[in-house]
file target_9.txt (compact mmCIF, C-alpha atoms)
# COMPACT_ATOMS: atom_id res chain seq x y z
CA PRO A 1 17.93 -164.31 117.88
CA ASP A 2 17.91 -167.97 116.93
CA PHE A 3 21.36 -167.96 115.33
CA LEU A 4 22.94 -167.15 118.70
CA GLN A 5 21.42 -170.32 120.14
CA GLN A 6 23.23 -172.47 117.60
CA ARG A 7 26.75 -173.78 118.18
CA SER A 8 28.81 -170.74 119.20
CA ALA A 9 31.37 -169.61 121.76
CA ALA A 10 28.64 -168.22 124.02
CA VAL A 11 26.56 -171.42 123.86
CA ASP A 12 29.65 -173.56 124.47
CA ARG A 13 30.46 -171.50 127.56
CA PHE A 14 26.87 -171.69 128.76
CA ASN A 15 26.94 -175.48 128.50
CA SER A 16 30.23 -175.72 130.37
CA ARG A 17 29.31 -173.26 133.13
CA PHE A 18 25.56 -173.11 133.60
CA ARG A 19 23.87 -176.17 132.09
CA THR A 20 22.73 -177.41 135.51
CA SER A 21 22.07 -175.69 138.83
CA GLU A 22 25.19 -177.36 140.22
CA HIS A 23 27.31 -175.96 137.38
CA TYR A 24 25.78 -172.52 137.93
CA GLN A 25 26.51 -172.52 141.65
CA ALA A 26 30.12 -173.60 141.11
CA ALA A 27 30.71 -171.00 138.38
CA MET A 28 29.21 -168.13 140.36
CA LYS A 29 31.09 -169.05 143.53
CA ASN A 30 34.34 -168.94 141.56
CA TYR A 31 33.32 -165.63 140.02
CA TYR A 32 32.58 -164.00 143.37
CA ALA A 33 35.80 -165.42 144.78
CA LEU A 34 37.64 -163.52 142.04
CA ILE A 35 35.71 -160.35 142.93
CA THR A 36 36.71 -160.77 146.57
CA GLY A 37 40.35 -160.99 145.47
CA VAL A 38 40.04 -157.81 143.40
CA ASP A 39 38.39 -156.04 146.35
CA GLN A 40 41.27 -157.00 148.62
CA ALA A 41 43.84 -155.85 146.04
CA CYS A 42 42.10 -152.47 145.77
CA LYS A 43 42.22 -152.09 149.55
CA GLU A 44 45.94 -152.83 149.61
CA ILE A 45 46.58 -150.26 146.85
CA VAL A 46 44.62 -147.56 148.69
CA ASP A 47 46.32 -148.38 151.99
CA LYS A 48 49.74 -148.12 150.35
CA LEU A 49 48.91 -144.75 148.77
CA LYS A 50 47.85 -143.44 152.16
CA GLU A 51 50.99 -144.86 153.77
CA GLU A 52 53.15 -143.07 151.18
CA GLY A 53 51.22 -139.82 151.56
CA LEU A 54 50.01 -139.94 147.93
CA TYR A 55 46.32 -140.67 148.39
CA ASN A 56 45.19 -137.04 148.24
CA ASN A 57 47.16 -136.47 145.06
CA THR A 58 46.15 -139.61 143.13
CA MET A 59 43.19 -140.30 140.87
CA ILE A 60 41.88 -143.86 141.18
CA ILE A 61 39.70 -145.31 138.42
CA PHE A 62 38.04 -148.68 138.93
CA THR A 63 36.40 -150.28 135.92
CA THR A 64 36.48 -153.40 133.74
CA ASP A 65 36.97 -154.15 130.06
CA ASN A 66 33.57 -155.81 129.55
CA GLY A 67 30.47 -157.11 131.27
CA MET A 68 29.51 -160.77 131.49
CA MET A 69 26.43 -162.83 130.73
CA HIS A 70 25.85 -165.39 133.46
CA GLY A 71 23.25 -167.34 131.54
CA ALA A 72 21.21 -164.34 130.36
CA HIS A 73 19.58 -165.02 126.97
CA GLY A 74 20.81 -168.61 127.28
CA LEU A 75 24.38 -167.39 126.75
CA ALA A 76 27.62 -167.01 128.67
CA GLY A 77 30.65 -164.79 128.14
CA LYS A 78 30.67 -161.39 126.47
CA TRP A 79 30.90 -160.29 122.80
CA TYR A 80 27.27 -159.28 122.29
CA PRO A 81 25.48 -155.90 122.58
CA PHE A 82 23.11 -156.92 125.39
CA GLN A 83 23.16 -154.93 128.62
CA GLU A 84 24.78 -157.70 130.66
CA SER A 85 27.75 -157.64 128.29
CA ILE A 86 28.29 -153.95 127.52
CA ARG A 87 27.58 -152.33 130.88
CA VAL A 88 30.59 -152.12 133.21
CA PRO A 89 31.24 -150.61 136.64
CA LEU A 90 32.99 -147.25 136.88
CA ILE A 91 34.11 -145.73 140.17
CA ILE A 92 36.32 -142.65 140.22
CA TYR A 93 38.15 -141.24 143.20
CA ASP A 94 39.45 -137.80 142.29
CA PRO A 95 40.93 -135.48 144.95
CA ARG A 96 39.71 -132.53 142.84
CA MET A 97 36.07 -133.63 143.13
CA PRO A 98 33.79 -131.18 144.99
CA LYS A 99 32.51 -132.51 148.33
CA GLU A 100 28.91 -132.41 147.15
CA LYS A 101 29.79 -134.80 144.31
CA VAL A 102 31.68 -137.36 146.41
CA GLY A 103 29.70 -140.59 146.79
CA THR A 104 27.03 -139.61 144.28
CA LEU A 105 25.78 -141.63 141.32
CA ASP A 106 25.72 -140.39 137.72
CA ASP A 107 23.90 -142.25 134.96
CA SER A 108 25.57 -140.37 132.09
CA PHE A 109 26.92 -142.46 129.21
CA THR A 110 30.64 -142.89 129.85
CA LEU A 111 32.68 -145.10 127.53
CA ASN A 112 36.08 -146.79 127.63
CA ILE A 113 37.32 -144.25 125.07
CA ASP A 114 36.83 -141.59 127.77
CA LEU A 115 39.39 -143.10 130.15
CA ALA A 116 42.52 -141.95 128.33
CA GLU A 117 41.31 -138.36 128.06
CA THR A 118 40.28 -138.40 131.72
CA ILE A 119 43.76 -139.50 132.80
CA LEU A 120 45.46 -137.00 130.49
CA GLY A 121 43.23 -134.22 131.82
CA ALA A 122 44.13 -135.05 135.42
CA ALA A 123 47.82 -134.95 134.43
CA GLY A 124 47.39 -131.57 132.74
CA ILE A 125 48.08 -132.97 129.27
CA LYS A 126 45.92 -131.96 126.34
CA PRO A 127 44.66 -135.02 124.42
CA ASP A 128 45.37 -135.51 120.74
CA GLU A 129 42.70 -133.99 118.53
CA LEU A 130 41.99 -137.39 116.95
CA MET A 131 40.99 -138.99 120.24
CA GLN A 132 37.26 -139.75 120.35
CA GLY A 133 36.54 -139.73 124.07
CA ARG A 134 35.86 -137.00 126.58
CA ASP A 135 37.29 -136.13 129.97
CA ILE A 136 34.87 -137.64 132.51
CA SER A 137 35.74 -134.94 135.02
CA ASP A 138 33.53 -132.68 132.90
CA LEU A 139 30.67 -134.39 134.74
CA TYR A 140 31.83 -133.29 138.18
CA LEU A 141 34.26 -130.38 137.78
CA PRO A 142 32.80 -126.96 136.89
CA ASN A 143 35.73 -126.16 134.61
CA GLU A 144 35.83 -124.05 131.47
CA LYS A 145 37.96 -124.92 128.49
CA ASP A 146 41.66 -124.24 128.99
CA GLU A 147 44.94 -125.25 127.39
CA HIS A 148 44.81 -128.73 128.93
CA HIS A 149 41.18 -129.62 128.19
CA ALA A 150 39.60 -130.29 124.84
CA THR A 151 36.13 -130.10 126.40
CA ALA A 152 34.36 -128.19 129.16
CA SER A 153 31.88 -128.92 131.93
CA VAL A 154 28.46 -130.27 131.04
CA GLU A 155 26.99 -126.89 131.95
CA VAL A 156 28.89 -125.52 128.95
CA GLU A 157 28.89 -128.55 126.62
CA PRO A 158 26.14 -131.17 127.25
CA TRP A 159 27.23 -134.79 127.62
CA ARG A 160 26.48 -137.43 124.96
CA GLU A 161 22.93 -138.78 124.79
CA ASP A 162 23.72 -141.91 122.76
CA PHE A 163 26.64 -144.00 121.58
CA PHE A 164 27.63 -146.40 118.81
CA TYR A 165 28.70 -149.93 119.73
CA GLU A 166 30.69 -152.22 117.44
CA PHE A 167 32.10 -155.73 117.80
CA PRO A 168 33.57 -157.16 114.58
CA HIS A 169 34.69 -160.78 114.29
CA ASP A 170 36.10 -162.82 111.44
CA ASN A 171 34.34 -166.08 112.36
CA GLU A 172 30.62 -165.36 112.25
CA ARG A 173 29.58 -168.89 113.18
CA PHE A 174 31.70 -168.86 116.31
CA ILE A 175 31.02 -165.25 117.40
CA ALA A 176 28.52 -163.13 115.45
CA SER A 177 29.61 -159.57 114.64
CA SER A 178 27.26 -156.83 115.75
CA THR A 179 26.75 -153.09 115.91
CA ALA A 180 24.27 -151.08 117.94
CA LEU A 181 22.99 -147.65 118.81
CA VAL A 182 22.23 -147.17 122.50
CA THR A 183 20.17 -144.39 124.08
CA LYS A 184 18.69 -144.18 127.57
CA GLU A 185 15.35 -145.40 126.27
CA TRP A 186 16.16 -147.52 123.22
CA LYS A 187 18.66 -149.97 121.78
CA PHE A 188 18.88 -150.71 118.07
CA ILE A 189 20.99 -153.77 117.17
CA ASN A 190 22.28 -154.84 113.78
CA TRP A 191 23.67 -158.31 113.02
CA PRO A 192 25.25 -157.64 109.58
CA ALA A 193 26.21 -161.22 108.69
CA TYR A 194 22.66 -162.42 109.30
CA ASN A 195 20.81 -159.40 107.85
CA ARG A 196 18.95 -159.13 111.15
CA GLU A 197 17.94 -156.15 113.27
CA GLN A 198 16.49 -155.88 116.76
CA LEU A 199 14.86 -153.13 118.80
CA PHE A 200 14.44 -152.99 122.57
CA ASN A 201 12.80 -150.43 124.83
CA LEU A 202 15.30 -150.31 127.69
CA GLU A 203 13.02 -148.32 129.99
CA LYS A 204 10.13 -150.80 129.79
CA ASP A 205 12.21 -153.90 129.04
CA PRO A 206 15.63 -153.55 130.75
CA LEU A 207 16.36 -157.28 130.39
CA GLU A 208 15.83 -157.08 126.61
CA MET A 209 13.34 -159.93 126.43
CA ASN A 210 10.84 -158.36 124.01
CA ASP A 211 12.19 -157.63 120.54
CA LEU A 212 10.05 -154.85 118.98
CA TYR A 213 11.45 -155.14 115.47
CA ASN A 214 8.10 -156.26 114.02
CA ASP A 215 6.03 -153.82 116.08
CA THR A 216 4.56 -151.35 113.56
CA SER A 217 3.72 -148.83 116.31
CA VAL A 218 7.44 -148.07 116.80
CA LYS A 219 8.44 -148.16 113.13
CA SER A 220 9.25 -144.43 113.03
CA THR A 221 11.42 -144.81 116.13
CA MET A 222 13.21 -147.73 114.51
CA ASN A 223 13.90 -145.68 111.38
CA LYS A 224 15.31 -142.74 113.38
CA LEU A 225 17.55 -145.02 115.43
CA ARG A 226 18.79 -146.80 112.31
CA GLU A 227 19.58 -143.46 110.68
CA ARG A 228 21.51 -142.29 113.74
CA HIS A 229 23.29 -145.67 113.93
CA ASP A 230 24.43 -145.35 110.32
CA GLU A 231 25.49 -141.75 110.86
CA LEU A 232 27.77 -142.61 113.78
CA LYS A 233 29.12 -145.67 111.99
CA THR A 234 30.07 -143.53 108.99
CA GLN A 235 31.75 -140.97 111.23
CA LEU A 236 33.81 -143.68 112.89
CA HIS A 237 34.90 -145.37 109.67
CA ASN A 238 35.79 -142.08 108.01
CA THR A 239 38.24 -140.99 110.69
CA SER A 240 41.84 -140.71 109.56
CA TYR A 241 42.94 -143.44 111.96
CA GLY A 242 40.10 -145.88 111.31
CA PRO A 243 40.23 -149.32 109.68
CA ARG A 244 40.48 -147.82 106.19
CA ASP A 245 43.52 -145.72 107.03
CA PRO A 246 46.41 -146.66 104.66
CA SER A 247 48.88 -145.78 107.41
CA CYS A 248 47.72 -148.93 109.25
CA GLU A 249 48.91 -151.16 106.44
CA GLY A 250 52.55 -151.05 107.47
CA PHE A 251 51.69 -152.13 110.99
CA LEU A 252 49.48 -154.95 109.69
CA ASP A 253 52.33 -156.10 107.42
CA PHE A 254 54.61 -156.08 110.46
CA LEU A 255 52.19 -158.30 112.39
CA THR A 256 51.94 -160.65 109.41
CA GLU A 257 55.72 -161.04 109.30
CA ILE A 258 55.79 -161.83 113.02
CA GLN A 259 53.12 -164.49 112.52
CA LYS A 260 55.05 -166.03 109.65
CA ALA A 261 58.23 -166.09 111.71
CA GLU A 262 56.42 -167.88 114.54
CA GLU A 263 55.05 -170.44 112.09
CA ARG A 264 58.53 -171.12 110.76
CA LYS A 265 59.77 -171.75 114.30
CA ASN A 266 57.08 -174.33 114.79
call {"tool": "encode", "arguments": {"input": "target_9.txt", "output": "structure tokens"}}
result
Amino acid sequence: PDFLQQRSAAVDRFNSRFRTSEHYQAAMKNYYALITGVDQACKEIVDKLKEEGLYNNTMIIFTTDNGMMHGAHGLAGKWYPFQESIRVPLIIYDPRMPKEKVGTLDDSFTLNIDLAETILGAAGIKPDELMQGRDISDLYLPNEKDEHHATASVEVEPWREDFFYEFPHDNERFIASSTALVTKEWKFINWPAYNREQLFNLEKDPLEMNDLYNDTSVKSTMNKLRERHDELKTQLHNTSYGPRDPSCEGFLDFLTEIQKAEERKN
């Protein structure tokens, strides 16, 4: 949308990193140098686990906290609900994994909220009932529910088919807040501060270049996605630990006092 092309954090980063081919080459070389460093660090960790005799009793999860736009949509950085920003790598080494599953790919929707439950499940600890994720081992272990698992294998309980995305921000000019509903085929995006919606067919348009919001032939699809988006948003905001939870107020007051103390020091 046009408002993202105005002065913003993503445009500022694009101009500093990718405004010319020379800038792009320098930025990407630095980026891949960092990846090489991470790769070497992972090797050293695995080698040490093997040296200590712990490799076959250790789960290793490799992932990242966000994706990155390297000039896609004329933007740089993260923050936005486009595929380049919200998709992240996920590699799991789990000694419990059946041999036929090792080295295979799975395109199921896994989320960062699943990681804690996955780790707890591997440790034999039942997650708190308020946790929103799901043990990822359900995708590769044929387990039934037991005292340590809140969920069961996908043969028993099917995996999620969609998910709700949310990125709030208090400076809309600098970084626009957004929410989205993502399915395998579609993505519905809402920009609340700008009263703007977008619709992309991810199967036909994986780079999200063709906004179908004004396409009357997919109006019913848009309405269904919007309804599901609002349903998941309401579920999230009505949870007892969500942003409206009064129990959060004490913690927020605590943070405010810390900020005030720092200001007095300065």
call {"tool": "closest_residue", "arguments": {"input": "target_9.txt", "among": "A:Leu139, A:Leu4, A:Ile113, A:Ala9", "to": "Glu157 (chain A)", "atoms": "only C-alpha atoms"}}
result
A:Leu139
call {"tool": "atom_distance", "arguments": {"input": "target_9.txt", "atom1": "CA of Leu202 (chain A)", "atom2": "CA of Val102 (chain A)"}}
result
28.0 Å
call {"tool": "residues_around", "arguments": {"input": "target_9.txt", "residues": "region 13-17 of chain A", "least_positions_apart": "5", "cutoff": "8 Å", "atoms": "all atoms listed in the file", "output": "list of chain:residue names"}}
result
A:His23, A:Tyr24, A:Ala27, A:His70, A:Gly71, A:Gly74, A:Leu75, A:Ala76, A:Gly77
call {"tool": "atom_distance", "arguments": {"input": "target_9.txt", "atom1": "CA of Val218 (chain A)", "atom2": "CA of Trp191 (chain A)"}}
result
19.6 Å
call {"tool": "closest_atom_pairs", "arguments": {"input": "target_9.txt", "of": "region 140-222 of chain A", "to": "region 83-100 of chain A", "cutoff": "10 Å", "atoms": "all atoms listed in the file", "output": "Markdown table"}}
result
| residue | atom | partner | partner_atom | distance |
| --- | --- | --- | --- | --- |
| A:Tyr140 | CA | A:Met97 | CA | 6.5 |
| A:Leu141 | CA | A:Met97 | CA | 6.5 |
| A:Pro142 | CA | A:Pro98 | CA | 9.2 |
| A:Tyr165 | CA | A:Ile86 | CA | 8.8 |
| A:Val182 | CA | A:Gln83 | CA | 9.9 |
| A:Lys187 | CA | A:Gln83 | CA | 9.6 |
| A:Leu202 | CA | A:Gln83 | CA | 9.2 |
| A:Pro206 | CA | A:Gln83 | CA | 7.9 |
| A:Leu207 | CA | A:Gln83 | CA | 7.4 |
| A:Glu208 | CA | A:Gln83 | CA | 7.9 |
call {"tool": "residues_around", "arguments": {"input": "target_9.txt", "residues": "Asn201 (chain A)", "least_positions_apart": "3", "cutoff": "7 Å", "atoms": "only C-alpha atoms", "output": "MDAnalysis selection string"}}
result
chainID A and resid 185:187 204:205
call {"tool": "write_last_selection", "arguments": {"input": "target_9.txt", "atoms": "C-alpha atoms", "output": "PDB file, keeping the file's coordinate frame"}}
result
ATOM      1  CA  GLU A 185      15.350-145.400 126.270  1.00  0.00           C
ATOM      2  CA  TRP A 186      16.160-147.520 123.220  1.00  0.00           C
ATOM      3  CA  LYS A 187      18.660-149.970 121.780  1.00  0.00           C
ATOM      4  CA  LYS A 204      10.130-150.800 129.790  1.00  0.00           C
ATOM      5  CA  ASP A 205      12.210-153.900 129.040  1.00  0.00           C
TER       6      ASP A 205
END
call {"tool": "closest_residue", "arguments": {"input": "target_9.txt", "among": "A:Asp135, A:Glu203, A:Asp39, A:Asp170", "to": "Asp114 (chain A)", "atoms": "only C-alpha atoms"}}
result
A:Asp135
call {"tool": "residues_around", "arguments": {"input": "target_9.txt", "residues": "Glu161 (chain A)", "least_positions_apart": "5", "cutoff": "8 Å", "atoms": "only C-alpha atoms", "output": "MDAnalysis selection string"}}
result
chainID A and resid 108:109 183:184
call {"tool": "residues_near_point", "arguments": {"input": "target_9.txt", "point": "(31.7, -151.2, 120.7)", "cutoff": "12 Å", "atoms": "all atoms listed in the file", "output": "count of residues only"}}
result
30
call {"tool": "residues_around", "arguments": {"input": "target_9.txt", "residues": "region 223-227 of chain A", "least_positions_apart": "4", "cutoff": "8 Å", "atoms": "only C-alpha atoms", "output": "PDB file with C-alpha atoms, in the frame of the given file"}}
result
ATOM      1  CA  LEU A 181      22.990-147.650 118.810  1.00  0.00           C
ATOM      2  CA  PHE A 188      18.880-150.710 118.070  1.00  0.00           C
ATOM      3  CA  LYS A 219       8.440-148.160 113.130  1.00  0.00           C
ATOM      4  CA  GLU A 231      25.490-141.750 110.860  1.00  0.00           C
TER       5      GLU A 231
END
call {"tool": "residues_around", "arguments": {"input": "target_9.txt", "residues": "region 42-45 of chain A", "least_positions_apart": "5", "cutoff": "9 Å", "atoms": "all atoms listed in the file", "output": "PyMOL selection string"}}
result
chain A and resi 37+50+62
call {"tool": "atom_distance", "arguments": {"input": "target_9.txt", "atom1": "CA of Gly124 (chain A)", "atom2": "CA of Ile136 (chain A)"}}
result
13.9 Å
